[in-house]
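Below is one structure; the comments refer to it alone.
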There are 2 protein chains.
Amino acid sequence: MINPRILKGFRDSLPQLMIQKKQIIYTLEKIFESYGFAPIDTPAIEYTEILLGKGGGETDKQIYRFNDRGRNVSLRFDLTVPLARFISQYYNELVFPFKCYHVAPVWRGENTQKGRYREFYQCDFDILGSTSINTDVEILLLIRLGMKSLNAGNFIISINNRKILNTLLEQYGLSDKSADVLRTIDKVYKIGVDNVLKEMTDNLKIDQKMAEKLLRNMNILGSSNDNFEITGEDIFENLSRLKKITKASTDAVDDMEYIFNFIKNMGVLENFAFNPAITRGLDYYTGIVFETFVLDRRNFGSVCSGGRYDNLTSLYSKNQVPGVGASFGLDRLLGLLEDKGLLNKKSTKTDLLIFFIDDCFEEYQKLANDLRSQGINTEVYFEKKKINAQFKFAERKKIKYVLIAGKDEILNNTMNIKNIDTGEEKSNIGSEKIKETILDGKSK
Amino acid sequence: MINPRILKGFRDSLPQLMIQKKQIIYTLEKIFESYGFAPIDTPAIEYTEILLGKGGGETDKQIYRFNDRGRNVSLRFDLTVPLARFISQYYNELVFPFKCYHVAPVWRGENTQKGRYREFYQCDFDILGSTSINTDVEILLLIRLGMKSLNAGNFIISINNRKILNTLLEQYGLSDKSADVLRTIDKVYKIGVDNVLKEMTDNLKIDQKMAEKLLRNMNILGSSNDNFEITGEDIFENLSRLKKITKASTDAVDDMEYIFNFIKNMGVLENFAFNPAITRGLDYYTGIVFETFVLDRRNFGSVCSGGRYDNLTSLYSKNQVPGVGASFGLDRLLGLLEDKGLLNKKSTKTDLLIFFIDDCFEEYQKLANDLRSQGINTEVYFEKKKINAQFKFAERKKIKYVLIAGKDEILNNTMNIKNIDTGEEKSNIGSEKIKETILDGKSK
């Protein structure tokens, strides 16, 4: 016999988890569609060359790569690279600006740790083919709406702009080290400001005073809080200050002012922060970058991240397609909701169980069909068993209502229904009254 | 530069296809849930040992197998084997009878041909932990309901019972050859009756008369039609005849009579057939087996197949869990619908595009939010462009309505809306009238 087990870092979704996961996906998809985003999908397996591009870094080590009949192929490790390939390949068929979303699993052979899986779902949404700042704004507003709908608690969307940092680096003559500086700053939450400073001076050989000045101007050194977040009216003050420090980054600062003013005028500034410490490690971002944190679960990391990337397709095509997008980490969100005790414990979507009292499965199914057509999810027990066994089944599955009737009661339309949660019973009622009772109970 | 391309046998889903695919999945899931089926999911990657079990046959060749850090792993090639592992692993946590559904991609390195992909979605639904014939009935009724809802045209669900064939073989002393006979008969659609007979005599060394008798008793030899389907009242006549031929298979024939009587009493016999030529190649079926054909697209093969398997978990567990289930082939269904010209051509779910006339994205977004909250999927154009360019965008995306208003018109609630399909325009109307117009248009 073979021991039934799954690979380390993977997990099964039993009904309770899967119902919640589908609910989250459904909620987000409805929002995307209400804004005019359309769904797409790409294969799980692609040529390794396509997925790794220039390669290097962590991805190279984590990707699931194998030989398929002589072809060097891999499982996708994110949805952004396949999107860049997709956009390049269908450039002439698509209508730009192209707004799309993509919900699918990705695979990374990471070291396993609590809440991190080697197979996890991402939920990406992107606007391609426009450099308009309004596309940035729309992505940010969508993240907020998504987070609100998920009811995970108070959250903050922390925004930065790569261009501001890049122009500061240029001004200080550090352009050639910008990728390294970005990556170092990206680690500030893990290693702290002092170690970032140390790495900048020791490893990147940046003059101590210069490094301090840079970090101070970015509000990382001397920040009033550990998260380096600037909120409310302080955002605008800080942006004004940045404008004075550097002339060259005026455009990027103007963009940030436009974005935050827009957010403020929409009345939702409380959910946003300007955060100069957010850099996102990835190379492809060129404008705004952002991460989203649930305030009482910051330790879970960002649950929705992204930014603007204006050169993503350059690897596959001469057609430059600028874009901006974000990605919800579904499994991380699920883990967070579970940790907060916010996951529904239901392992069924059944509203009603019809007991099997007399041997008349046909009458039960016809009755059930009538109820199903009214939007009542109805299960029929399959065989005659002691009534206690049937009650136990309903209770274990947490089905709210049970209907108890023999063949005569069905034909005479005098049935009995019981609410398992409250113990309340209604006797000798017809199917109309039954529908009413259950639909009433559902709407509560 | 890297040529943007995908692997042979794989495909991308552009919005038009993906919208349809999601619609099919959503329709089926709603039906499953209305019957009390709950969703589950399993990892795409599992130990090869788990997936292949005893192995052998086509699966061994087609499975995507690779080495993951010393582990011999594979991509799942169906959803049934992972289900057997899942049920064995969580046996103590699940409530039986367990009704579940699973929609997910599977991978097979098959030779590519039209309409066949190496990555395709299956949509499985199963009832586990019951030997009740009523579970067989419910699966069959669900297939019918699913097929009706998909509007793919007239269809027939062809049912057989492995036990009938097995008892006939036993009676004729051919039990030791039953697997081979099954596989040979399974090929009858491809190679024809004469070649089946030839294989039985030449390869399986069955006496010519015996082979003929067997095929005649099974109504394969001498069938009145090429599909070997027996429909309507003929079903009951044939079952009576079978009862006389063999005593040992009485139980199985009784089961078939119960099933077809049930179907008849539900008033849906027209969608079903008794088909002794359906055997399903797979080893694990033990009772009813069935396939579903769209009448004017039989060449696409079965779009929903399955059967009863009472020993599926025996490989992983001492707990025997009988079950019955079926699988819709989503990509085959999509291909079939496409071939019949029944796929919607829409590449958007957007109801309304708000033109960008004045530079007031904020007012446009606020108006859009109001419309979205009423269930109207609303896109806002991102930047000021010539009105013709914006019209062209709406037309190319096949968006039905466009709203034309500057800032003043929005603030004065005197806007213009145009139906792109009909050319009809309404001028100087307020947002209430706009909602009404669009919701009217949607319900049509």
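Chain labels A, B, ... are given in the sequence in which chains occur in the structure tokens; within each chain residues are numbered consecutively from 1, and ligands are likewise numbered from 1 in the order shown.
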List the neighbours of Ile2 in chain A out to 9 Å using only C-alpha atoms; skip same-chain residues closer than 6 positions along the sequence, and give me the result as a ChimeraX atom specification.
-> /B:49-50,53,315-317
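Residues in contact with Thr80 in chain B at up to 10 Å, not including ones fewer than 4 positions away on its chain and judged by only C-alpha atoms, are Leu51, Arg76, Ala84, Arg85, Phe86, His102, Asp124, Phe125, Asp126, Gly306, Leu312, Gly325, Ala326 and Ser327 of chain B.
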Tell me, as a ChimeraX atom specification, which residues lie within 6 Å of Tyr35 in chain A, counting only C-alpha atoms; anything in the same chain fewer than 6 positions away does not count.
-> /B:377-379
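Closest to chain A among B:Glu363, B:Asp226, B:Glu425, B:Asp234 is B:Glu363, based on only C-alpha atoms.
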Selection near Asp194 in chain B, 12 Å with only C-alpha atoms, sequence-local residues under 3 positions removed, as a PyMOL selection string | chain B and resi 184-185+187-191+197-202+208+211-212+215+220-222
Identify, on the basis of only C-alpha atoms, every residue whose closest approach to range 340-349 of chain B does not exceed 9 Å; exclude the query and any residue fewer than 5 positions from it along the same chain; express the result as a PyMOL selection string.
-> (chain A and resi 33-34+36-39) or (chain B and resi 14-20+151-152+297+334-335+377+397-399)
Near Leu28 in chain B, counting only C-alpha atoms, which residues have an atom at most 12 Å away, once you skip same-chain residues fewer than 4 positions from it, shown as a CSV table (one decimal) with C-alpha atoms, in the first residue's frame?
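What ended up in around_36.csv:
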```
chain,number,residue,atom,x,y,z
B,21,LYS,CA,-14.5,29.3,-20.0
B,22,LYS,CA,-15.3,31.1,-16.7
B,23,GLN,CA,-19.0,31.2,-17.7
B,24,ILE,CA,-19.1,27.5,-18.2
B,32,PHE,CA,-23.1,21.3,-8.1
B,33,GLU,CA,-23.6,23.6,-5.2
B,34,SER,CA,-27.4,23.5,-5.6
B,35,TYR,CA,-27.1,19.7,-5.1
B,37,PHE,CA,-21.5,19.4,-3.6
B,39,PRO,CA,-15.4,22.4,-3.7
B,101,TYR,CA,-16.4,18.9,-7.0
B,102,HIS,CA,-13.0,19.9,-8.3
B,103,VAL,CA,-12.2,22.2,-11.3
B,122,GLN,CA,-11.3,19.0,-15.9
B,123,CYS,CA,-14.4,19.5,-13.9
B,124,ASP,CA,-15.0,16.5,-11.7
B,125,PHE,CA,-17.8,15.8,-9.3
B,142,LEU,CA,-26.5,16.2,-12.7
B,143,ILE,CA,-24.8,15.5,-16.0
B,144,ARG,CA,-28.1,16.1,-17.8
B,145,LEU,CA,-28.7,19.3,-16.0
B,146,GLY,CA,-25.1,20.5,-16.7
B,147,MET,CA,-25.5,19.7,-20.4
B,148,LYS,CA,-28.8,21.4,-20.6
B,149,SER,CA,-27.4,24.5,-19.0
B,150,LEU,CA,-24.4,24.7,-21.4
B,327,SER,CA,-15.8,14.6,-15.3
B,328,PHE,CA,-16.7,17.4,-17.7
B,329,GLY,CA,-13.9,18.0,-20.2
B,330,LEU,CA,-14.0,21.8,-20.3
```
Nearest to chain A: which of B:Asn203, B:Thr414, B:Ser302, B:Thr131 is it, counting only C-alpha atoms?
-> B:Thr131
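Using only C-alpha atoms, the smallest distance between any of A:Leu403, A:Met218, A:Ala273, A:Val73 and chain B comes from A:Val73.
Nearest-residue note for chain A: choosing from B:Asp408, B:Glu432, B:Glu291, B:Asp351, the minimum distance belongs to B:Asp351, counting only C-alpha atoms.
Scanning range 212-329 of chain A with DSSP on the backbone, the strand (DSSP E or B) assignments fall on A:Ile230, A:Phe272, A:Ala273, A:Phe274, A:Ile288, A:Val289, A:Phe290, A:Glu291, A:Thr292, A:Phe293, A:Val294, A:Cys304, A:Ser305, A:Gly306, A:Gly307, A:Arg308, A:Tyr309, A:Gly323, A:Val324, A:Gly325, A:Ala326, A:Ser327, A:Phe328, A:Gly329.
Minimum distance to Leu94 in chain A across B:Tyr401, B:Arg396, B:Ser130, B:Asn416 (counting only C-alpha atoms) occurs at B:Arg396.
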With a distance cut-off of 9 Å and only C-alpha atoms, select the neighbouring residues of Ser431 in chain A, excluding the residue or stretch itself and same-chain residues fewer than 2 positions from it, and output the selection as a PyMOL selection string.
-> chain A and resi 367+370-371+410+413-415+429+433-436
Kindly export the residues of the current selection with all heavy atoms, as a compact mmCIF listing (two decimals), in the first residue's frame.
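Now in result_24.txt:
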```
# COMPACT_ATOMS: atom_id res chain seq x y z
N LEU A 367 -39.03 17.35 -5.17
CA LEU A 367 -39.18 18.44 -4.19
C LEU A 367 -37.89 19.28 -4.16
O LEU A 367 -37.93 20.52 -4.18
CB LEU A 367 -39.47 17.83 -2.82
CG LEU A 367 -39.49 18.79 -1.63
CD1 LEU A 367 -40.62 19.80 -1.77
CD2 LEU A 367 -39.63 18.01 -0.31
N ASP A 370 -37.49 21.64 -7.05
CA ASP A 370 -38.32 22.83 -6.88
C ASP A 370 -37.61 23.85 -5.98
O ASP A 370 -37.55 25.04 -6.30
CB ASP A 370 -39.67 22.39 -6.27
CG ASP A 370 -40.59 23.57 -6.03
OD1 ASP A 370 -40.51 24.56 -6.80
OD2 ASP A 370 -41.39 23.53 -5.07
N LEU A 371 -37.04 23.37 -4.89
CA LEU A 371 -36.34 24.27 -3.97
C LEU A 371 -35.06 24.83 -4.62
O LEU A 371 -34.77 26.02 -4.48
CB LEU A 371 -36.00 23.52 -2.68
CG LEU A 371 -37.22 23.05 -1.87
CD1 LEU A 371 -36.84 21.96 -0.87
CD2 LEU A 371 -37.84 24.24 -1.13
N ILE A 410 -45.18 14.56 1.72
CA ILE A 410 -44.80 15.33 0.54
C ILE A 410 -46.01 15.53 -0.38
O ILE A 410 -46.32 16.64 -0.80
CB ILE A 410 -43.67 14.62 -0.25
CG1 ILE A 410 -42.38 14.62 0.58
CG2 ILE A 410 -43.42 15.33 -1.58
CD1 ILE A 410 -41.23 13.91 -0.10
N ASN A 413 -48.38 17.87 0.98
CA ASN A 413 -47.79 19.18 1.23
C ASN A 413 -47.89 19.60 2.70
O ASN A 413 -48.17 20.76 3.02
CB ASN A 413 -48.45 20.22 0.31
CG ASN A 413 -47.49 21.35 -0.06
OD1 ASN A 413 -46.27 21.18 -0.02
ND2 ASN A 413 -48.05 22.50 -0.41
N THR A 414 -47.66 18.63 3.58
CA THR A 414 -47.65 18.92 5.04
C THR A 414 -46.35 18.38 5.61
O THR A 414 -46.30 17.27 6.12
CB THR A 414 -48.82 18.23 5.76
OG1 THR A 414 -48.75 16.81 5.48
CG2 THR A 414 -50.16 18.77 5.30
N MET A 415 -45.32 19.20 5.48
CA MET A 415 -43.99 18.71 5.87
C MET A 415 -43.49 19.40 7.13
O MET A 415 -44.07 20.36 7.61
CB MET A 415 -43.04 18.95 4.70
CG MET A 415 -43.48 18.19 3.45
SD MET A 415 -42.55 18.59 1.96
CE MET A 415 -43.43 20.00 1.34
N ILE A 429 -46.18 22.19 7.30
CA ILE A 429 -46.16 23.34 6.39
C ILE A 429 -45.91 22.88 4.96
O ILE A 429 -45.32 21.82 4.72
CB ILE A 429 -45.12 24.40 6.81
CG1 ILE A 429 -43.70 23.80 6.85
CG2 ILE A 429 -45.47 25.01 8.16
CD1 ILE A 429 -42.63 24.83 7.08
N LYS A 433 -44.17 27.74 2.20
CA LYS A 433 -43.77 28.20 3.53
C LYS A 433 -42.32 27.77 3.84
O LYS A 433 -41.57 28.50 4.49
CB LYS A 433 -44.74 27.59 4.56
CG LYS A 433 -44.58 28.10 5.98
CD LYS A 433 -45.16 29.48 6.17
CE LYS A 433 -44.80 30.03 7.55
NZ LYS A 433 -44.91 31.49 7.60
N ILE A 434 -41.96 26.59 3.33
CA ILE A 434 -40.60 26.09 3.54
C ILE A 434 -39.59 26.99 2.83
O ILE A 434 -38.58 27.40 3.40
CB ILE A 434 -40.48 24.63 3.04
CG1 ILE A 434 -41.15 23.71 4.07
CG2 ILE A 434 -39.03 24.21 2.84
CD1 ILE A 434 -41.36 22.30 3.60
N LYS A 435 -39.88 27.32 1.58
CA LYS A 435 -39.00 28.21 0.82
C LYS A 435 -38.82 29.54 1.57
O LYS A 435 -37.71 30.05 1.72
CB LYS A 435 -39.59 28.51 -0.56
CG LYS A 435 -39.49 27.35 -1.52
CD LYS A 435 -40.20 27.70 -2.82
CE LYS A 435 -40.62 26.45 -3.58
NZ LYS A 435 -41.59 26.72 -4.64
N GLU A 436 -39.95 30.07 2.00
CA GLU A 436 -39.96 31.36 2.70
C GLU A 436 -39.06 31.31 3.94
O GLU A 436 -38.23 32.18 4.15
CB GLU A 436 -41.40 31.63 3.12
CG GLU A 436 -41.79 33.06 3.31
CD GLU A 436 -43.26 33.10 3.71
OE1 GLU A 436 -44.14 32.91 2.82
OE2 GLU A 436 -43.54 33.28 4.91
```
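Proximity of B:Ile404, B:Val268, B:Leu83, B:Ile6 to chain A, computed with only C-alpha atoms, is greatest for B:Ile6.
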So which residues of range 64-203 of chain B fall under alpha helix (DSSP H) by DSSP, listed as JSON, numbers by chain?
-> {"B": [80, 81, 82, 83, 84, 85, 86, 87, 88, 89, 133, 134, 135, 136, 137, 138, 139, 140, 141, 142, 143, 144, 145, 146, 147, 148, 149, 150, 162, 163, 164, 165, 166, 167, 168, 169, 170, 171, 178, 179, 180, 181, 182, 183, 184, 185, 186, 188, 189, 190, 191, 192, 193, 194, 195, 196, 197, 198, 199, 200, 201, 202]}
Write out as a Markdown table the residues of range 154-198 of chain A that have any atom within 10 Å of an atom of range 235-245 of chain A, one row each with the nearest atom pair and its distance in Å to one decimal, counting only C-alpha atoms, sorted by chain and then rising number.
```
| residue | atom | partner | partner_atom | distance |
| --- | --- | --- | --- | --- |
| A:Ile164 | CA | A:Leu242 | CA | 8.5 |
| A:Leu168 | CA | A:Ile245 | CA | 8.6 |
| A:Gln171 | CA | A:Ile245 | CA | 9.9 |
```
Take the residues that were just selected and, keeping all heavy atoms, output them as a tab-separated table (two decimals), in the first residue's frame.
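Below is the file that was written, again_23.tsv:
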```tsv
chain	number	residue	atom	x	y	z
A	164	ILE	N	11.93	58.82	-7.68
A	164	ILE	CA	12.45	59.76	-6.68
A	164	ILE	C	13.80	59.28	-6.18
A	164	ILE	O	14.78	60.03	-6.16
A	164	ILE	CB	11.45	59.91	-5.51
A	164	ILE	CG1	10.14	60.52	-6.01
A	164	ILE	CG2	12.05	60.76	-4.40
A	164	ILE	CD1	9.06	60.66	-4.95
A	168	LEU	N	17.56	60.98	-6.83
A	168	LEU	CA	18.43	61.34	-5.71
A	168	LEU	C	19.80	60.70	-5.91
A	168	LEU	O	20.84	61.35	-5.75
A	168	LEU	CB	17.83	60.86	-4.39
A	168	LEU	CG	16.78	61.77	-3.72
A	168	LEU	CD1	16.24	61.11	-2.45
A	168	LEU	CD2	17.39	63.13	-3.38
A	171	GLN	N	21.72	62.48	-8.55
A	171	GLN	CA	22.20	63.76	-8.04
A	171	GLN	C	23.45	63.59	-7.18
A	171	GLN	O	24.33	64.42	-7.19
A	171	GLN	CB	21.06	64.36	-7.21
A	171	GLN	CG	21.16	65.83	-7.01
A	171	GLN	CD	19.80	66.37	-6.55
A	171	GLN	OE1	18.75	65.88	-6.98
A	171	GLN	NE2	19.82	67.35	-5.67
```
